[in-house]
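Asker: Below is one structure. I have some questions about it.
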Amino acid sequence: MSVELNHTIVHSRDNRESAEFLANILGLEVGAEWGPFIPVDTSNGVTLDFATIPAESITMQHYAFLISEEEFDAAFGRIKQAGITYYADPHGKQPGEINHHDGGRGLYFHDPAGHGMEIITRPYGSQEQG
């Protein structure tokens, strides 16, 4: 049997707001509500199930999404259009910049619950060493 990540629960102050926020940025669809969850499916079959919990119970997590160059252009455009602060680094020391790790492009931003979101066009460690 192969092991694959199937789904994870993402805590949020408002499950619909957070699901719609991420789906909009990434150009994905929000699924039908299932119990306390609002799902967002990714193309590799992993579902992010957004659940509403009290804000004081949310522990910030990090979610990184590998996307194509074209998807990056579209997502970056939506981030800028929405006026979302983005950073080239995970610590927020390079606001308004993107990075070019491994020959690709990447950036970090926060969702409505404060989770650290990242979009990258190349997996870390993928650039050939010469």
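Order determines the names: the first chain of the structure tokens is A, the second B, and so forth; residues in each chain are numbered 1 upward, and ligands are numbered 1 upward as they are shown.
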I'd like the contact shell of stretch 56-72 of chain A - 7 Å cut-off, only C-alpha atoms, skipping same-chain residues fewer than 4 positions apart - returned as a ChimeraX atom specification.

Answerer: /A:11-12,76,114-123

Asker: Please, could you write that set of residues out with N, CA and C atoms as a compact mmCIF listing (two decimals), in the first residue's frame?

Answerer:
```txt
# COMPACT_ATOMS: atom_id res chain seq x y z
N HIS A 11 -7.77 24.94 10.73
CA HIS A 11 -8.57 25.72 11.66
C HIS A 11 -8.69 27.16 11.19
N SER A 12 -9.87 27.72 11.35
CA SER A 12 -10.12 29.08 10.90
C SER A 12 -11.14 29.75 11.81
N PHE A 76 -0.46 35.74 -8.13
CA PHE A 76 0.25 36.96 -7.73
C PHE A 76 -0.59 38.18 -8.12
N GLY A 114 -4.62 33.81 9.90
CA GLY A 114 -3.24 34.05 10.28
C GLY A 114 -2.27 32.95 9.88
N HIS A 115 -2.75 31.93 9.17
CA HIS A 115 -1.85 30.88 8.70
C HIS A 115 -0.90 31.42 7.65
N GLY A 116 0.32 30.91 7.66
CA GLY A 116 1.30 31.28 6.66
C GLY A 116 1.10 30.48 5.39
N MET A 117 0.80 31.15 4.31
CA MET A 117 0.60 30.51 3.02
C MET A 117 1.79 30.82 2.13
N GLU A 118 2.18 29.86 1.32
CA GLU A 118 3.32 30.04 0.42
C GLU A 118 2.97 29.48 -0.94
N ILE A 119 3.35 30.20 -1.98
CA ILE A 119 3.24 29.66 -3.33
C ILE A 119 4.64 29.65 -3.93
N ILE A 120 4.98 28.54 -4.58
CA ILE A 120 6.29 28.37 -5.21
C ILE A 120 6.11 27.72 -6.58
N THR A 121 7.04 28.02 -7.48
CA THR A 121 6.97 27.42 -8.81
C THR A 121 8.00 26.30 -8.99
N ARG A 122 8.90 26.16 -8.06
CA ARG A 122 9.90 25.08 -8.10
C ARG A 122 10.00 24.47 -6.71
N PRO A 123 10.06 23.15 -6.60
CA PRO A 123 10.25 22.54 -5.28
C PRO A 123 11.63 22.92 -4.73
```

Asker: Of the residues A:Phe109, A:Leu48, A:Ile53, A:Phe37, which is the one nearest to A:His91, using only C-alpha atoms?

Answerer: A:Phe109

Asker: Residues within 10 Å of A:Asn44, please, as a PyMOL selection string. Count only C-alpha atoms; anything in the same chain fewer than 5 positions from it doesn't count.

Answerer: chain A and resi 4-6

Asker: List the spatial neighbours of stretch 79-90 of chain A as a PyMOL selection string - criterion: any atom at most 8 Å away, only C-alpha atoms, same-chain residues fewer than 6 positions off excluded.

Answerer: chain A and resi 25+96-99+106-110+116

Asker: Can you tell me, as a ChimeraX atom specification, which residues in stretch 49-85 of chain A count as strand (DSSP E) by DSSP?

Answerer: /A:49-52,62-66

Asker: Could you turn the residues from that selection into a file that holds C-alpha atoms, as a PDB file, in the first residue's frame?

Answerer:
```pdb
ATOM      1  CA  ASP A  49     -11.019  20.925   5.084  1.00  0.00           C
ATOM      2  CA  PHE A  50     -11.605  24.323   6.704  1.00  0.00           C
ATOM      3  CA  ALA A  51     -13.215  24.179  10.151  1.00  0.00           C
ATOM      4  CA  THR A  52     -14.385  27.071  12.308  1.00  0.00           C
ATOM      5  CA  HIS A  62       2.263  26.822   7.269  1.00  0.00           C
ATOM      6  CA  TYR A  63       0.868  25.584   3.945  1.00  0.00           C
ATOM      7  CA  ALA A  64       2.986  25.635   0.773  1.00  0.00           C
ATOM      8  CA  PHE A  65       1.536  25.159  -2.706  1.00  0.00           C
ATOM      9  CA  LEU A  66       3.585  24.152  -5.752  1.00  0.00           C
TER      10      LEU A  66
END
```

Asker: Which of stretch 39-96 of chain A counts as alpha helix (DSSP H) under DSSP, as a ChimeraX atom specification please?

Answerer: /A:69-81

Asker: Nearest to A:Glu17 among A:Arg105, A:Ser2, A:Pro39, A:Ala75, with distances taken over only C-alpha atoms: which residue is it?

Answerer: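 Among A:Arg105, A:Ser2, A:Pro39, A:Ala75, it is A:Pro39 that comes nearest to A:Glu17.
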
Asker: Kindly indicate which residue among A:Pro112, A:Gly125, A:Gly104, A:Gly31 lies nearest to A:Asp73, using only C-alpha atoms for the distances.

Answerer: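 Nearest to A:Asp73: A:Gly104.
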
Asker: When you draw a straight line from atom CA of A:Ser18 to atom CA of A:Val40, how long is it in Å?

Answerer: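 Value for the atom CA of A:Ser18-atom CA of A:Val40 distance: 10.0 Å.
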
Asker: Interatomic distance between atom CA of A:Arg13 and atom CA of A:Trp34?

Answerer: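 Taking atom CA of A:Arg13 and atom CA of A:Trp34, their separation equals 17.1 Å.
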
Asker: Could you check how far atom CA of A:Gly92 sits from atom CA of A:Asn15, in Å to one decimal?

Answerer: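 Going from atom CA of A:Gly92 over to atom CA of A:Asn15 covers 24.9 Å.
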